[in-house]
Amino acid sequence: MIVITNPFFIEDETQILHSLLEEGLYSLHIRKPDFSEVEMAKFIHQIKLEFRTNLVLHSHHQLAEDLGIERFHFSEKDRKEFPARFPKPCRFKCESISTSTHSIEDFNSLETKFNYAFLSPVFKSISKENYSPEKDLFEEIKSRKNHKTKMVALGGIDLESIQKTLENGFDDVALLGTIWKNENPLKQFKLCQKIVHSYLQ
């Protein structure tokens, strides 16, 4: 299970992130699109060193080596416009590379260098207004040809839809709105985590 940071300011965010990581969150995507390089470095420096290997950097990849981060994510735009950028972060130690896709055709055409990819939106987004699927992705992924890249569901995933999503062919789920729109993000995370673990066992 993956959690993506809220792109906007959250009260006591670092404390909440530490709580999620202490509860066993394996993969935390740091997505702060409006952060400058300095702001990003300052934000990550607040996260304990012991959790740096759990972080996935969405931007300012050049900071990775100094921050002790070995996982990189590339947006769909970056993947299509700047393909030459992809190998560069991995001149450092690189544990994984991920990206975002919005159609099964794009997912199927990914190069094998990507360990996993988001496919979204699966459901109506919780965090973005007027962002809903144009196609039934559960039907679309029946034509999946890429089995080397793990397929991660994103968009509108909540307590009620996690099991259905995994049962219908996705390998994993990524959570954003269901965590950060909840008044108790840690409690919500633990409930989601329990469902994922019970399905995978």
# chains A, B, ... in the order shown; residues from 1 in each chain; ligands from 1
>>> residues_around(residues="stretch 20-28 of chain A", least_positions_apart="6", cutoff="9 Å", atoms="only C-alpha atoms", output="count of residues only")
16
>>> residues_around(residues="A:Met151", least_positions_apart="4", cutoff="8 Å", atoms="only C-alpha atoms", output="list in words")
Tyr116, Ala117, Phe118, Leu119, Phe170, Asp171 and Asp172 of chain A
>>> atom_distance(atom1="atom CA of A:Glu129", atom2="atom CA of A:Thr178")
13.9 Å
>>> residues_around(residues="stretch 153-160 of chain A", least_positions_apart="4", cutoff="9 Å", atoms="only C-alpha atoms", output="VMD selection string")
chain A and resid 117 to 128 131 to 133 164 to 166 170 to 179 188 191 to 192 195
>>> write_last_selection(atoms="N, CA and C atoms", output="mmCIF file, in the first residue's frame")
data_model
loop_
_atom_site.group_PDB
_atom_site.id
_atom_site.type_symbol
_atom_site.label_atom_id
_atom_site.label_comp_id
_atom_site.auth_asym_id
_atom_site.auth_seq_id
_atom_site.Cartn_x
_atom_site.Cartn_y
_atom_site.Cartn_z
ATOM 1 N N ALA A 117 3.702 1.425 -11.688
ATOM 2 C CA ALA A 117 3.098 2.629 -12.262
ATOM 3 C C ALA A 117 1.694 2.815 -11.719
ATOM 4 N N PHE A 118 1.351 4.068 -11.443
ATOM 5 C CA PHE A 118 -0.024 4.394 -11.085
ATOM 6 C C PHE A 118 -0.875 4.361 -12.354
ATOM 7 N N LEU A 119 -2.078 3.837 -12.232
ATOM 8 C CA LEU A 119 -3.076 3.935 -13.294
ATOM 9 C C LEU A 119 -4.286 4.605 -12.666
ATOM 10 N N SER A 120 -4.667 5.769 -13.225
ATOM 11 C CA SER A 120 -5.731 6.543 -12.584
ATOM 12 C C SER A 120 -6.525 7.360 -13.610
ATOM 13 N N PRO A 121 -7.725 7.858 -13.201
ATOM 14 C CA PRO A 121 -8.397 7.589 -11.926
ATOM 15 C C PRO A 121 -9.282 6.345 -12.029
ATOM 16 N N VAL A 122 -9.243 5.532 -11.004
ATOM 17 C CA VAL A 122 -10.085 4.330 -10.981
ATOM 18 C C VAL A 122 -11.517 4.697 -10.608
ATOM 19 N N PHE A 123 -11.651 5.557 -9.610
ATOM 20 C CA PHE A 123 -12.956 6.056 -9.175
ATOM 21 C C PHE A 123 -12.925 7.590 -9.182
ATOM 22 N N LYS A 124 -14.034 8.209 -8.875
ATOM 23 C CA LYS A 124 -14.084 9.663 -8.753
ATOM 24 C C LYS A 124 -13.126 10.098 -7.650
ATOM 25 N N SER A 125 -12.278 11.044 -7.965
ATOM 26 C CA SER A 125 -11.250 11.477 -7.023
ATOM 27 C C SER A 125 -11.857 12.075 -5.753
ATOM 28 N N ILE A 126 -11.210 11.767 -4.633
ATOM 29 C CA ILE A 126 -11.617 12.332 -3.350
ATOM 30 C C ILE A 126 -10.967 13.696 -3.151
ATOM 31 N N SER A 127 -9.762 13.873 -3.672
ATOM 32 C CA SER A 127 -8.995 15.093 -3.423
ATOM 33 C C SER A 127 -9.094 16.129 -4.540
ATOM 34 N N LYS A 128 -9.447 15.694 -5.761
ATOM 35 C CA LYS A 128 -9.540 16.623 -6.890
ATOM 36 C C LYS A 128 -10.987 16.777 -7.327
ATOM 37 N N TYR A 131 -12.740 15.282 -11.159
ATOM 38 C CA TYR A 131 -11.760 14.355 -11.725
ATOM 39 C C TYR A 131 -12.297 12.940 -11.565
ATOM 40 N N SER A 132 -12.841 12.424 -12.662
ATOM 41 C CA SER A 132 -13.488 11.111 -12.648
ATOM 42 C C SER A 132 -13.001 10.285 -13.832
ATOM 43 N N PRO A 133 -13.124 8.965 -13.738
ATOM 44 C CA PRO A 133 -12.684 8.123 -14.857
ATOM 45 C C PRO A 133 -13.549 8.315 -16.095
ATOM 46 N N LYS A 164 -12.336 -4.476 -3.640
ATOM 47 C CA LYS A 164 -12.832 -4.603 -5.010
ATOM 48 C C LYS A 164 -11.726 -4.311 -6.014
ATOM 49 N N THR A 165 -10.924 -3.293 -5.721
ATOM 50 C CA THR A 165 -9.847 -2.896 -6.622
ATOM 51 C C THR A 165 -8.812 -4.005 -6.767
ATOM 52 N N LEU A 166 -8.413 -4.602 -5.655
ATOM 53 C CA LEU A 166 -7.430 -5.681 -5.686
ATOM 54 C C LEU A 166 -8.007 -6.939 -6.325
ATOM 55 N N PHE A 170 -5.799 -5.161 -9.964
ATOM 56 C CA PHE A 170 -4.699 -4.257 -9.617
ATOM 57 C C PHE A 170 -3.771 -4.939 -8.615
ATOM 58 N N ASP A 171 -2.491 -4.636 -8.702
ATOM 59 C CA ASP A 171 -1.504 -5.262 -7.821
ATOM 60 C C ASP A 171 -1.393 -4.569 -6.470
ATOM 61 N N ASP A 172 -1.744 -3.311 -6.436
ATOM 62 C CA ASP A 172 -1.608 -2.540 -5.200
ATOM 63 C C ASP A 172 -2.478 -1.292 -5.316
ATOM 64 N N VAL A 173 -2.592 -0.546 -4.212
ATOM 65 C CA VAL A 173 -3.384 0.685 -4.210
ATOM 66 C C VAL A 173 -2.550 1.832 -3.651
ATOM 67 N N ALA A 174 -2.832 3.039 -4.144
ATOM 68 C CA ALA A 174 -2.199 4.264 -3.638
ATOM 69 C C ALA A 174 -3.299 5.157 -3.065
ATOM 70 N N LEU A 175 -3.061 5.687 -1.891
ATOM 71 C CA LEU A 175 -4.057 6.475 -1.180
ATOM 72 C C LEU A 175 -3.612 7.917 -1.032
ATOM 73 N N LEU A 176 -4.562 8.830 -1.237
ATOM 74 C CA LEU A 176 -4.288 10.245 -1.027
ATOM 75 C C LEU A 176 -5.478 10.878 -0.302
ATOM 76 N N GLY A 177 -6.560 11.107 -1.018
ATOM 77 C CA GLY A 177 -7.715 11.788 -0.441
ATOM 78 C C GLY A 177 -8.314 11.087 0.760
ATOM 79 N N THR A 178 -8.401 9.756 0.717
ATOM 80 C CA THR A 178 -9.032 9.037 1.825
ATOM 81 C C THR A 178 -8.244 9.182 3.125
ATOM 82 N N ILE A 179 -6.940 9.451 3.003
ATOM 83 C CA ILE A 179 -6.112 9.683 4.188
ATOM 84 C C ILE A 179 -6.204 11.140 4.635
ATOM 85 N N GLN A 188 -7.433 6.153 9.803
ATOM 86 C CA GLN A 188 -7.897 5.770 8.469
ATOM 87 C C GLN A 188 -6.865 4.892 7.771
ATOM 88 N N LEU A 191 -6.975 1.350 9.160
ATOM 89 C CA LEU A 191 -8.143 0.613 8.665
ATOM 90 C C LEU A 191 -7.906 0.125 7.233
ATOM 91 N N CYS A 192 -7.334 0.996 6.394
ATOM 92 C CA CYS A 192 -7.023 0.620 5.013
ATOM 93 C C CYS A 192 -5.955 -0.465 4.978
ATOM 94 N N ILE A 195 -7.306 -3.936 5.647
ATOM 95 C CA ILE A 195 -8.001 -4.534 4.510
ATOM 96 C C ILE A 195 -7.007 -5.090 3.508
#
>>> atom_distance(atom1="atom CA of A:Leu67", atom2="atom CA of A:Thr14")
15.8 Å
